[in-house]
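Have a look at upload-v7.cif below; it lists mmCIF, C-alpha atoms.
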```cif
data_protein
loop_
_atom_site.label_atom_id
_atom_site.label_comp_id
_atom_site.auth_asym_id
_atom_site.auth_seq_id
_atom_site.Cartn_x
_atom_site.Cartn_y
_atom_site.Cartn_z
CA MET A 40 96.84 123.18 97.37
CA ALA A 41 100.10 121.86 98.86
CA LEU A 42 101.68 119.04 96.89
CA ARG A 43 102.73 115.98 98.88
CA ALA A 44 106.37 115.02 99.18
CA HIS A 45 107.90 111.78 100.38
CA ASN A 46 111.16 113.37 101.52
CA LEU A 47 110.43 116.45 103.61
CA ALA A 48 114.15 117.27 103.89
CA LEU A 49 114.16 118.30 100.21
CA ALA A 50 110.54 119.35 99.76
CA VAL A 51 109.57 122.76 98.42
CA GLN A 52 106.27 124.19 97.24
CA PRO A 53 106.34 125.76 93.76
CA LYS A 54 105.41 129.33 92.97
CA GLN A 55 103.20 128.03 90.15
CA HIS A 56 101.19 124.81 90.33
CA ILE A 57 99.80 123.75 86.93
CA GLN A 58 97.27 120.91 87.19
CA CYS A 59 96.75 118.89 84.01
CA ARG A 60 93.87 116.55 83.24
CA SER A 61 94.61 115.69 79.61
CA THR A 62 97.40 115.45 77.07
CA GLU A 63 96.22 118.78 75.65
CA ASP A 64 96.58 120.41 79.08
CA VAL A 65 100.15 119.12 79.34
CA ALA A 66 101.06 120.36 75.85
CA ARG A 67 99.70 123.83 76.66
CA ALA A 68 101.56 123.89 79.97
CA VAL A 69 104.88 122.92 78.35
CA LYS A 70 104.49 125.60 75.68
CA ASP A 71 103.61 128.21 78.29
CA VAL A 72 106.49 127.60 80.70
CA THR A 73 109.07 127.25 77.92
CA ALA A 74 107.86 130.47 76.24
CA ARG A 75 108.38 132.28 79.54
CA GLY A 76 111.70 130.56 80.21
CA THR A 77 110.39 129.26 83.53
CA PRO A 78 112.15 126.20 85.02
CA PHE A 79 109.67 123.47 85.88
CA SER A 80 109.42 119.99 87.33
CA ILE A 81 107.01 117.14 86.61
CA TYR A 82 104.90 115.73 89.44
CA SER A 83 102.91 112.49 89.43
CA SER A 84 102.85 111.45 93.12
CA GLY A 85 105.83 113.13 94.82
CA HIS A 86 107.62 109.92 95.81
CA CYS A 87 110.99 111.00 94.39
CA PHE A 88 113.51 110.47 97.20
CA ALA A 89 115.60 113.44 96.01
CA GLY A 90 112.66 115.80 95.51
CA PHE A 91 113.19 116.19 91.75
CA SER A 92 109.42 116.29 91.15
CA LEU A 93 108.98 119.48 93.18
CA GLY A 94 110.78 122.53 91.82
CA LYS A 95 110.76 126.04 93.22
CA GLU A 96 109.32 127.84 90.21
CA ALA A 97 106.67 125.78 88.38
CA VAL A 98 105.33 122.25 88.63
CA ILE A 99 103.41 120.52 85.87
CA ASP A 100 101.17 118.24 87.91
CA VAL A 101 99.90 115.15 86.06
CA SER A 102 98.56 113.41 89.18
CA PRO A 103 94.90 114.04 88.12
CA MET A 104 95.60 111.95 84.99
CA SER A 105 94.84 108.67 86.72
CA GLN A 106 92.66 107.01 84.07
CA ILE A 107 92.65 103.21 83.78
CA GLU A 108 91.19 101.26 80.85
CA VAL A 109 91.49 97.48 80.86
CA ASP A 110 90.96 95.84 77.48
CA ARG A 111 91.40 92.08 77.62
CA ALA A 112 95.15 91.45 77.99
CA ARG A 113 96.13 95.13 77.87
CA VAL A 114 95.74 98.13 80.12
CA THR A 115 96.07 101.81 79.29
CA ALA A 116 96.72 104.18 82.17
CA GLY A 117 97.74 107.75 82.92
CA PRO A 118 100.93 108.97 84.60
CA GLY A 119 99.09 109.82 87.82
CA THR A 120 97.68 106.28 88.14
CA GLN A 121 98.94 104.79 91.38
CA VAL A 122 100.18 101.22 91.70
CA GLY A 123 97.50 100.22 94.22
CA ALA A 124 94.59 101.50 92.14
CA LEU A 125 95.96 99.79 89.03
CA THR A 126 96.50 96.51 90.89
CA ARG A 127 92.88 96.48 92.06
CA ALA A 128 91.50 97.41 88.63
CA LEU A 129 93.52 94.65 86.97
CA GLY A 130 92.55 92.16 89.67
CA ALA A 131 88.87 92.83 88.98
CA ALA A 132 89.55 91.77 85.39
CA GLY A 133 91.59 88.71 86.41
CA ARG A 134 94.88 90.29 85.36
CA MET A 135 98.11 91.53 86.99
CA LEU A 136 101.18 93.53 86.04
CA PRO A 137 104.78 93.34 87.32
CA MET A 138 105.42 96.64 89.10
CA GLY A 139 106.35 98.00 92.50
CA PHE A 140 104.44 97.23 95.68
CA CYS A 141 104.26 100.72 97.24
CA GLN A 142 100.63 101.46 96.43
CA THR A 143 100.91 105.25 96.36
CA VAL A 144 103.70 105.39 93.76
CA ALA A 145 102.44 106.68 90.40
CA LEU A 146 103.28 105.21 87.00
CA GLY A 147 104.77 108.42 85.60
CA GLY A 148 107.98 108.17 87.61
CA HIS A 149 107.88 104.40 88.10
CA LEU A 150 108.16 103.62 84.38
CA GLY A 151 111.09 105.96 83.89
CA CYS A 152 113.06 104.12 86.58
CA GLY A 153 112.32 100.68 85.10
CA GLY A 154 109.74 99.53 87.64
CA ILE A 155 111.03 96.83 90.02
CA GLY A 156 108.59 94.70 92.02
CA HIS A 157 107.73 91.29 93.43
CA LEU A 158 106.91 89.85 89.99
CA SER A 159 110.10 91.10 88.33
CA ARG A 160 112.03 87.87 88.87
CA SER A 161 109.33 85.89 87.10
CA HIS A 162 108.06 88.40 84.52
CA GLY A 163 110.54 91.27 84.22
CA LEU A 164 110.23 94.98 84.88
CA LEU A 165 107.20 97.17 84.39
CA ALA A 166 109.16 98.77 81.53
CA ASP A 167 109.39 95.37 79.81
CA GLN A 168 105.61 95.24 79.50
CA LEU A 169 105.21 98.65 77.83
CA GLU A 170 103.79 98.57 74.30
CA ALA A 171 103.24 102.26 73.61
CA ALA A 172 103.37 105.65 75.29
CA THR A 173 101.90 109.05 74.42
CA VAL A 174 104.54 111.72 75.03
CA VAL A 175 104.51 115.52 75.05
CA LEU A 176 107.87 116.77 73.73
CA ALA A 177 109.79 119.95 74.55
CA ASP A 178 108.05 121.99 71.81
CA GLY A 179 104.58 120.78 72.86
CA GLU A 180 104.32 118.25 70.02
CA VAL A 181 102.51 115.03 70.94
CA VAL A 182 103.93 111.73 69.65
CA THR A 183 103.33 108.03 70.21
CA ALA A 184 106.44 106.05 71.11
CA SER A 185 106.57 102.31 70.43
CA GLU A 186 108.80 99.73 68.77
CA ASP A 187 107.59 101.03 65.37
CA SER A 188 107.16 104.73 66.09
CA HIS A 189 109.97 106.84 67.61
CA PRO A 190 111.77 103.64 68.69
CA ASP A 191 114.74 105.51 70.22
CA LEU A 192 112.43 107.51 72.45
CA PHE A 193 110.56 104.30 73.32
CA TRP A 194 113.88 102.71 74.29
CA ALA A 195 114.80 105.64 76.55
CA LEU A 196 111.45 105.90 78.29
CA ARG A 197 111.85 102.35 79.61
CA GLY A 198 114.21 102.93 82.50
CA GLY A 199 116.19 105.88 81.12
CA GLY A 200 115.14 108.15 83.96
CA PRO A 201 111.96 110.15 84.53
CA GLY A 202 111.85 113.85 83.70
CA SER A 203 114.46 113.75 80.91
CA PHE A 204 112.83 113.22 77.50
CA GLY A 205 109.25 114.44 77.67
CA ILE A 206 106.08 114.05 79.70
CA VAL A 207 104.35 110.69 79.28
CA THR A 208 100.59 111.20 79.41
CA GLU A 209 99.36 107.69 78.60
CA MET A 210 100.88 104.20 78.69
CA THR A 211 99.68 100.88 77.30
CA PHE A 212 101.02 97.68 78.88
CA ARG A 213 100.69 93.96 78.24
CA THR A 214 99.23 92.27 81.31
CA LEU A 215 99.38 88.75 82.75
CA PRO A 216 96.71 86.43 84.14
CA ASP A 217 96.26 86.91 87.87
CA ARG A 218 97.40 83.86 89.80
CA PRO A 219 97.48 82.43 93.34
CA ALA A 220 100.34 83.66 95.51
CA THR A 221 101.64 83.18 99.04
CA HIS A 222 103.15 85.88 101.24
CA ILE A 223 105.25 84.88 104.26
CA SER A 224 106.73 87.34 106.73
CA ALA A 225 108.75 86.87 109.90
CA LEU A 226 110.72 88.98 112.37
CA VAL A 227 113.82 88.29 114.44
CA ARG A 228 115.93 90.45 116.80
CA LEU A 229 119.60 89.50 117.29
CA PRO A 230 123.03 90.86 118.31
CA VAL A 231 125.05 92.33 115.44
CA ALA A 232 127.29 89.33 114.71
CA GLU A 233 124.46 86.81 114.73
CA ALA A 234 122.20 89.08 112.67
CA ALA A 235 124.98 89.42 110.08
CA ARG A 236 125.23 85.63 109.79
CA VAL A 237 121.46 85.29 109.33
CA ALA A 238 121.40 88.07 106.71
CA ALA A 239 124.29 86.50 104.78
CA ALA A 240 122.58 83.10 104.96
CA TRP A 241 119.33 84.64 103.65
CA GLN A 242 121.23 86.10 100.73
CA GLY A 243 122.80 82.77 99.83
CA TRP A 244 119.47 80.96 100.24
CA SER A 245 117.70 83.49 98.03
CA MET A 246 120.06 82.71 95.15
CA GLN A 247 118.81 79.11 95.12
CA LEU A 248 115.12 80.02 94.86
CA PRO A 249 113.19 79.65 91.60
CA GLU A 250 112.25 82.76 89.64
CA ALA A 251 108.64 82.65 90.80
CA VAL A 252 109.77 83.48 94.32
CA ALA A 253 110.65 87.03 95.37
CA THR A 254 112.18 87.82 98.73
CA THR A 255 113.21 90.95 100.62
CA LEU A 256 115.02 91.71 103.86
CA GLU A 257 114.51 94.81 106.03
CA VAL A 258 117.05 95.84 108.65
CA PHE A 259 116.83 98.37 111.48
CA SER A 260 117.75 98.73 115.13
CA PRO A 261 114.78 99.24 117.49
CA ASP A 262 116.92 99.84 120.57
CA PHE A 263 120.42 100.76 119.25
CA GLU A 264 121.72 97.53 120.76
CA THR A 265 120.31 94.76 118.58
CA ILE A 266 119.45 94.34 114.91
CA GLN A 267 115.91 93.55 113.81
CA LEU A 268 115.48 91.62 110.56
CA ARG A 269 112.16 91.36 108.76
CA LEU A 270 112.06 88.71 106.05
CA ALA A 271 109.38 88.56 103.37
CA VAL A 272 108.85 85.81 100.80
CA ILE A 273 106.35 86.15 97.95
CA ALA A 274 105.80 82.98 95.93
CA SER A 275 103.65 82.97 92.80
CA GLU A 276 103.97 79.23 92.28
CA ASP A 277 103.71 76.20 94.57
CA SER A 278 105.36 72.80 94.76
CA SER A 279 106.44 70.37 97.45
CA ASP A 280 110.12 71.15 96.72
CA LEU A 281 109.53 74.88 97.05
CA ARG A 282 107.61 74.47 100.31
CA SER A 283 110.46 72.35 101.66
CA ALA A 284 113.04 74.97 100.69
CA ILE A 285 111.11 77.75 102.39
CA VAL A 286 110.30 75.74 105.50
CA GLY A 287 113.91 74.59 105.76
CA PHE A 288 115.28 78.12 105.96
CA MET A 289 112.46 79.50 108.09
CA SER A 290 112.89 76.69 110.61
CA ALA A 291 116.58 77.50 111.10
CA VAL A 292 115.99 81.05 112.39
CA PRO A 293 114.71 81.85 115.94
CA TRP A 294 111.83 84.13 114.89
CA LEU A 295 110.15 86.25 117.55
CA GLU A 296 106.88 84.53 116.68
CA ALA A 297 105.63 82.07 114.10
CA PRO A 298 105.98 83.35 110.52
CA LYS A 299 102.76 84.91 109.19
CA VAL A 300 101.38 83.28 106.04
CA THR A 301 98.82 84.99 103.77
CA GLN A 302 97.42 83.39 100.61
CA GLY A 303 95.21 84.63 97.81
CA LEU A 304 95.39 85.91 94.26
CA TYR A 305 98.42 88.10 93.70
CA SER A 306 96.24 91.17 93.11
CA GLN A 307 94.52 90.56 96.46
CA LEU A 308 97.78 90.69 98.43
CA ALA A 309 98.59 94.33 97.68
CA ASP A 310 97.39 95.47 101.11
CA VAL A 311 99.71 92.89 102.70
CA PHE A 312 102.72 94.19 100.80
CA TRP A 313 102.00 97.86 101.57
CA PRO A 314 99.08 99.58 103.38
CA ARG A 315 96.62 100.91 100.82
CA ASP A 316 96.73 104.64 101.57
CA TYR A 317 100.11 104.80 103.31
CA TYR A 318 102.12 107.74 102.02
CA PRO A 319 105.19 108.23 104.22
CA SER A 320 106.42 111.81 104.57
CA GLU A 321 109.53 112.38 106.68
CA ALA A 322 112.83 114.20 106.51
CA LEU A 323 115.18 111.61 105.02
CA ALA A 324 118.57 110.90 103.48
CA TYR A 325 119.02 108.07 100.96
CA GLY A 326 121.61 105.84 99.39
CA ALA A 327 121.36 102.79 97.13
CA ALA A 328 123.49 100.19 95.39
CA PHE A 329 123.13 97.27 93.01
CA ALA A 330 125.11 94.10 93.78
CA GLU A 331 125.84 91.32 91.31
CA THR A 332 126.99 88.85 93.97
CA ARG A 333 126.49 88.02 97.63
CA THR A 334 127.81 90.44 100.23
CA ASN A 335 130.50 89.15 102.58
CA VAL A 336 129.32 88.51 106.14
CA ASN A 337 131.97 90.93 107.41
CA VAL A 338 130.42 93.72 105.35
CA TRP A 339 127.00 92.87 106.77
CA ALA A 340 128.51 93.07 110.26
CA ALA A 341 130.21 96.41 109.54
CA MET A 342 126.95 97.91 108.29
CA PHE A 343 124.96 96.52 111.20
CA THR A 344 127.52 97.92 113.64
CA GLN A 345 127.00 101.38 112.19
CA VAL A 346 123.22 101.01 112.25
CA VAL A 347 123.42 100.21 115.96
CA GLN A 348 125.99 102.86 116.88
CA GLN A 349 124.56 105.71 114.82
CA LYS A 350 121.56 106.80 116.93
CA ALA A 351 120.59 109.60 114.57
CA PRO A 352 119.33 109.27 111.99
CA ARG A 353 117.36 106.07 112.49
CA GLN A 354 118.86 103.98 109.71
CA HIS A 355 116.95 101.41 107.72
CA LEU A 356 118.18 98.96 105.06
CA PHE A 357 115.97 97.24 102.51
CA ILE A 358 117.42 94.55 100.23
CA GLU A 359 115.52 93.05 97.27
CA ARG A 360 116.48 89.87 95.42
CA LEU A 361 116.55 90.53 91.67
CA GLY A 362 117.70 88.35 88.74
CA GLY A 363 115.48 85.92 86.89
CA ALA A 364 113.47 87.41 84.03
CA ILE A 365 115.12 90.80 84.49
CA ALA A 366 118.50 89.30 83.59
CA ARG A 367 117.16 87.43 80.54
CA VAL A 368 116.84 90.77 78.74
CA SER A 369 119.95 92.45 77.36
CA SER A 370 121.24 95.43 79.33
CA LYS A 371 121.10 97.39 76.07
CA ALA A 372 117.51 96.45 75.20
CA THR A 373 116.00 99.31 77.21
CA GLY A 374 117.25 102.38 79.04
CA TYR A 375 117.43 100.34 82.27
CA ALA A 376 121.01 99.07 82.37
CA HIS A 377 121.46 96.92 85.49
CA ARG A 378 120.03 93.65 84.20
CA ASP A 379 122.74 91.50 85.80
CA ALA A 380 122.22 92.79 89.35
CA ALA A 381 121.33 90.07 91.84
CA PHE A 382 120.33 92.46 94.65
CA LEU A 383 119.19 96.03 95.11
CA TRP A 384 120.08 97.74 98.38
CA GLN A 385 118.20 100.77 99.68
CA ILE A 386 119.68 102.75 102.57
CA GLU A 387 117.49 105.24 104.40
CA GLY A 388 118.03 107.54 107.36
CA ARG A 389 115.13 109.25 109.13
CA PHE A 390 116.29 112.54 110.57
CA ASN A 391 116.12 113.38 114.25
CA ARG A 392 115.39 117.10 114.70
CA LEU A 393 117.71 117.24 117.73
CA HIS A 394 120.77 116.45 115.59
CA ASP A 395 122.58 118.31 112.83
CA LYS A 396 121.05 117.64 109.40
CA GLU A 397 124.40 117.61 107.61
CA GLU A 398 125.90 115.11 110.06
CA GLN A 399 122.88 112.85 109.70
CA THR A 400 123.07 112.98 105.91
CA GLN A 401 126.78 112.14 106.08
CA ALA A 402 126.00 109.16 108.34
CA VAL A 403 123.81 107.68 105.60
CA GLU A 404 126.51 108.40 103.03
CA ASP A 405 129.10 106.66 105.22
CA LEU A 406 126.87 103.59 105.46
CA THR A 407 126.39 103.63 101.70
CA GLN A 408 130.15 103.78 101.16
CA ILE A 409 130.71 100.69 103.33
CA LEU A 410 128.39 98.83 100.98
CA ARG A 411 129.85 100.27 97.78
CA ARG A 412 133.31 99.01 98.63
CA SER A 413 132.00 95.50 98.05
CA THR A 414 129.37 96.11 95.36
CA GLY A 415 130.88 98.68 93.00
CA GLY A 416 129.34 101.99 92.00
CA ALA A 417 126.05 100.99 90.33
CA SER A 418 122.94 102.62 91.74
CA TYR A 419 119.20 102.85 91.01
CA ALA A 420 117.67 105.95 89.42
CA GLY A 421 114.50 105.11 91.33
CA TYR A 422 116.34 105.73 94.63
CA PRO A 423 118.23 108.90 93.61
CA ASN A 424 120.94 110.30 95.85
CA PRO A 425 121.72 114.04 95.37
CA ARG A 426 125.23 113.45 96.78
CA LEU A 427 126.12 110.83 94.18
CA ALA A 428 129.06 112.23 92.19
CA ASP A 429 129.20 109.98 89.09
CA TRP A 430 125.44 109.56 88.83
CA PRO A 431 125.25 109.12 84.99
CA THR A 432 127.42 106.00 85.16
CA ALA A 433 125.93 104.81 88.46
CA TYR A 434 122.34 104.98 87.17
CA TRP A 435 122.76 104.00 83.51
CA GLY A 436 126.25 102.60 82.94
CA GLU A 437 127.14 102.14 79.27
CA ASN A 438 123.58 103.15 78.27
CA TYR A 439 124.18 106.78 79.21
CA ALA A 440 125.85 107.69 75.92
CA ARG A 441 122.84 106.49 73.93
CA LEU A 442 120.46 108.20 76.35
CA GLN A 443 122.33 111.44 75.68
CA GLN A 444 121.85 110.94 71.94
CA VAL A 445 118.11 110.45 72.43
CA LYS A 446 118.05 113.54 74.62
CA SER A 447 119.80 115.56 71.89
CA ALA A 448 117.28 114.39 69.31
CA TYR A 449 114.14 115.08 71.34
CA ASP A 450 115.16 117.80 73.81
CA PRO A 451 118.35 119.51 72.60
CA GLY A 452 117.58 122.62 74.65
CA ASN A 453 117.37 120.59 77.89
CA VAL A 454 113.85 121.79 78.64
CA PHE A 455 113.10 118.72 80.74
CA ALA A 456 115.78 118.97 83.39
CA HIS A 457 116.62 118.42 87.02
CA SER A 458 119.97 118.02 88.77
CA GLN A 459 120.32 114.34 87.77
CA SER A 460 118.43 114.20 84.47
CA VAL A 461 120.05 113.04 81.26
CA ARG A 462 122.03 115.81 79.53
CA PRO A 463 122.14 116.32 75.75
CA ALA A 464 125.23 114.88 74.07
#
```

Rendering of file as C-alpha cells:
Amino acid sequence: MALRAHNLALAVQPKQHIQCRSTEDVARAVKDVTARGTPFSIYSSGHCFAGFSLGKEAVIDVSPMSQIEVDRARVTAGPGTQVGALTRALGAAGRMLPMGFCQTVALGGHLGCGGIGHLSRSHGLLADQLEAATVVLADGEVVTASEDSHPDLFWALRGGGPGSFGIVTEMTFRTLPDRPATHISALVRLPVAEAARVAAAWQGWSMQLPEAVATTLEVFSPDFETIQLRLAVIASEDSSDLRSAIVGFMSAVPWLEAPKVTQGLYSQLADVFWPRDYYPSEALAYGAAFAETRTNVNVWAAMFTQVVQQKAPRQHLFIERLGGAIARVSSKATGYAHRDAAFLWQIEGRFNRLHDKEEQTQAVEDLTQILRRSTGGASYAGYPNPRLADWPTAYWGENYARLQQVKSAYDPGNVFAHSQSVRPA
C-alpha cells in the first residue's frame, strides 16, 4: 500500500512498511529495526512539508492508531487520529480542543510542533492542553510522560519537534466546552501597491482584536498581474463592540462580493475552515517565518511584486495572527519556543513541470529571504524547510540546548532521527 505524502517533490516509498495498531506493535517495531540497524521514519498522516515522515528504508506507520475516547472534560487519542475526526467526536460530547484546522493532519506530528490553530489566541496551543503521553523509547521501553512522570520528556514532547525523542502512541488532553462561533471570509483582487496597503492595514487591525478572535490572510496571484487576498475571521465570542470593529474594517475594503458569514458551534465549523477529506498532494517548496511585529508595507509590496512576476512556481502566502494565550505562557515552559510571535508566515510554491525544479525551489527561498530581512530568523518546525541552514535556532531558539539534553537522556544513540531532528548534546 502506497503511503500518502503532502509534498510530492520530496516523497519516497519505503522498502519496508510496518503498520502498527497498538503500543506493543510500536515497541516491537522499534526493537526490530534498531536490532537490524535499519534507518526508519515515523508516519502518522504524511503531512510533513519536508517529507521527514517518509524514509527510504523503513517506516513505522502509526496511522491505524486513531482511537478516540472522550471522558467528560478529557480526551485520549492515538497518534494517527486526525484533527477533523477528533473535532467531530468532541463536538458530539459538547467539547472542543485548540488545534489546527487542516482536518487530515494527525496528532502524532501536530503535537510535536506545538499545534497552532484558530483557538490558540484564546486558549493556547494543543501542546498546552496535554496532560499525559504514552511513549515508546529507543530501546522499546514504554513510559508515561507527564508533569509528575518523566517531566523532561513531557516538556520536550510539547513542541520540541516530532520524530526526535520517541514514538507517542497515546495522548490525553484537557478539553474545553464547545461554544458558538462565527466565521467570516471575503476575497479581493487588487494591483500590487494597493494590495500591499490592504494587507498592512489588516495586520495592524488584527493587533487590536480581542483574543477570542483569530484571523488569517491568504495571498496569491490568479493572473500574474494582480494580487488576490482572502481574509478569514473566526470569532468565538460576540459583542456589539466586536461586531463594530469587524464591520468597520470589512466595509473599508472593496471585496469582490459580500463577505460570507457562517455561524454555529465551533466544532460544527470545521468543514468551513477546511474540506473534510481534502488531502492536498503536489510537488512543493516551502518557507516560513515568525514575526513579532507588523511587517512594513514596503516589504509587503516587495513580496507581492515577486509573487506576480514569478510565474513558476505558483506562489502562495498564508499569514496567521498569533499572540494572546500563546504568549501568556513562558517560552521556556514547553519545547515550543516562539511564544512572543505575533504572526506566522507560511510561504509555498507549487511546482510547474515545465520549469526547472531547482530554480522554482530557489524562487520560494528568495521570497522567504525578503520576509526574513524584516522578521529575523525564527521559523516553525511544523513548516520545515530542508534548505534552512541554522534550523536548530530557527525552530527552537534558546530551548534547543535543553532539548539536546533530553535527547541525550532518552535517545543517546540518535535512533529517532531525520535531517532536522534534535541531536544529542

Tell me, counting only C-alpha atoms, for each residue of segment 80-165 of chain A within 9 Å of segment 363-380 of chain A, which pair of atoms is nearest and how far apart they are in Å to one decimal, in rows ordered by chain and increasing number, as CSV.
```
residue,atom,partner,partner_atom,distance
A:Gly151,CA,A:Gly374,CA,8.6
A:Cys152,CA,A:Tyr375,CA,7.2
A:Gly153,CA,A:Tyr375,CA,5.9
A:Ser159,CA,A:Ile365,CA,6.3
A:Arg160,CA,A:Gly363,CA,4.4
A:Ser161,CA,A:Ala364,CA,5.4
A:His162,CA,A:Ala364,CA,5.5
A:Gly163,CA,A:Ile365,CA,4.6
A:Leu164,CA,A:Ile365,CA,6.4
```

Report summary line: One residue among A:Glu276, A:Glu387, A:Asp71, A:Glu321 is nearest to Gly303 of chain A when using all atoms listed in the file, and that residue is A:Glu276

Translate the PyMOL selection byres ((chain A and resi 453) around 9) into a concrete residue list for this structure, as a short mmCIF file (atom, residue, chain, number, x, y, z; two decimals) with C-alpha atoms, in the coordinates of the input.
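This is the output file selection03.cif:
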```cif
data_model
loop_
_atom_site.label_atom_id
_atom_site.label_comp_id
_atom_site.auth_asym_id
_atom_site.auth_seq_id
_atom_site.Cartn_x
_atom_site.Cartn_y
_atom_site.Cartn_z
CA ALA A 177 109.79 119.95 74.55
CA SER A 203 114.46 113.75 80.91
CA PHE A 204 112.83 113.22 77.50
CA LYS A 446 118.05 113.54 74.62
CA SER A 447 119.80 115.56 71.89
CA ASP A 450 115.16 117.80 73.81
CA PRO A 451 118.35 119.51 72.60
CA GLY A 452 117.58 122.62 74.65
CA VAL A 454 113.85 121.79 78.64
CA PHE A 455 113.10 118.72 80.74
CA ALA A 456 115.78 118.97 83.39
CA VAL A 461 120.05 113.04 81.26
CA ARG A 462 122.03 115.81 79.53
CA PRO A 463 122.14 116.32 75.75
#
```

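Across the structure, atom CA of Leu146 of chain A and atom CA of Gly416 of chain A are spaced 26.7 Å apart.
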
Requested in this report: Tell me which residues the PyMOL selection byres ((chain A and resi 88) around 7) grabs here, as an MDAnalysis selection string.
Outcome: chainID A and resid 45:46 86:87 89:90 422:423

Selection to disk with C-alpha atoms, as a CSV table (one decimal), in the frame of the given file:
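The resulting file, again_11.csv, is shown below:
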```csv
chain,number,residue,atom,x,y,z
A,45,HIS,CA,107.9,111.8,100.4
A,46,ASN,CA,111.2,113.4,101.5
A,86,HIS,CA,107.6,109.9,95.8
A,87,CYS,CA,111.0,111.0,94.4
A,89,ALA,CA,115.6,113.4,96.0
A,90,GLY,CA,112.7,115.8,95.5
A,422,TYR,CA,116.3,105.7,94.6
A,423,PRO,CA,118.2,108.9,93.6
```

Query raised in the report: So which residues get picked by the PyMOL selection byres ((chain A and resi 48-51) around 7) here, written as a PyMOL selection string?
Result: chain A and resi 44+46-47+52-53+89-90+93-95+322-323

Query raised in the report: Which distance in Å separates atom CA of Ile273 of chain A and atom CA of Asp110 of chain A, to one decimal?
Result: 27.4 Å

Requested in this report: Please measure the separation of atom CA of Asn424 of chain A and atom CA of Val403 of chain A, giving the value in Å to one decimal.
Outcome: 10.5 Å

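Environment of (113.3, 102.5, 102.9): residues at most 8 Å away, judged by all atoms listed in the file, are His355, Leu356, Phe357, Gln385, Ile386 and Glu387 of chain A.
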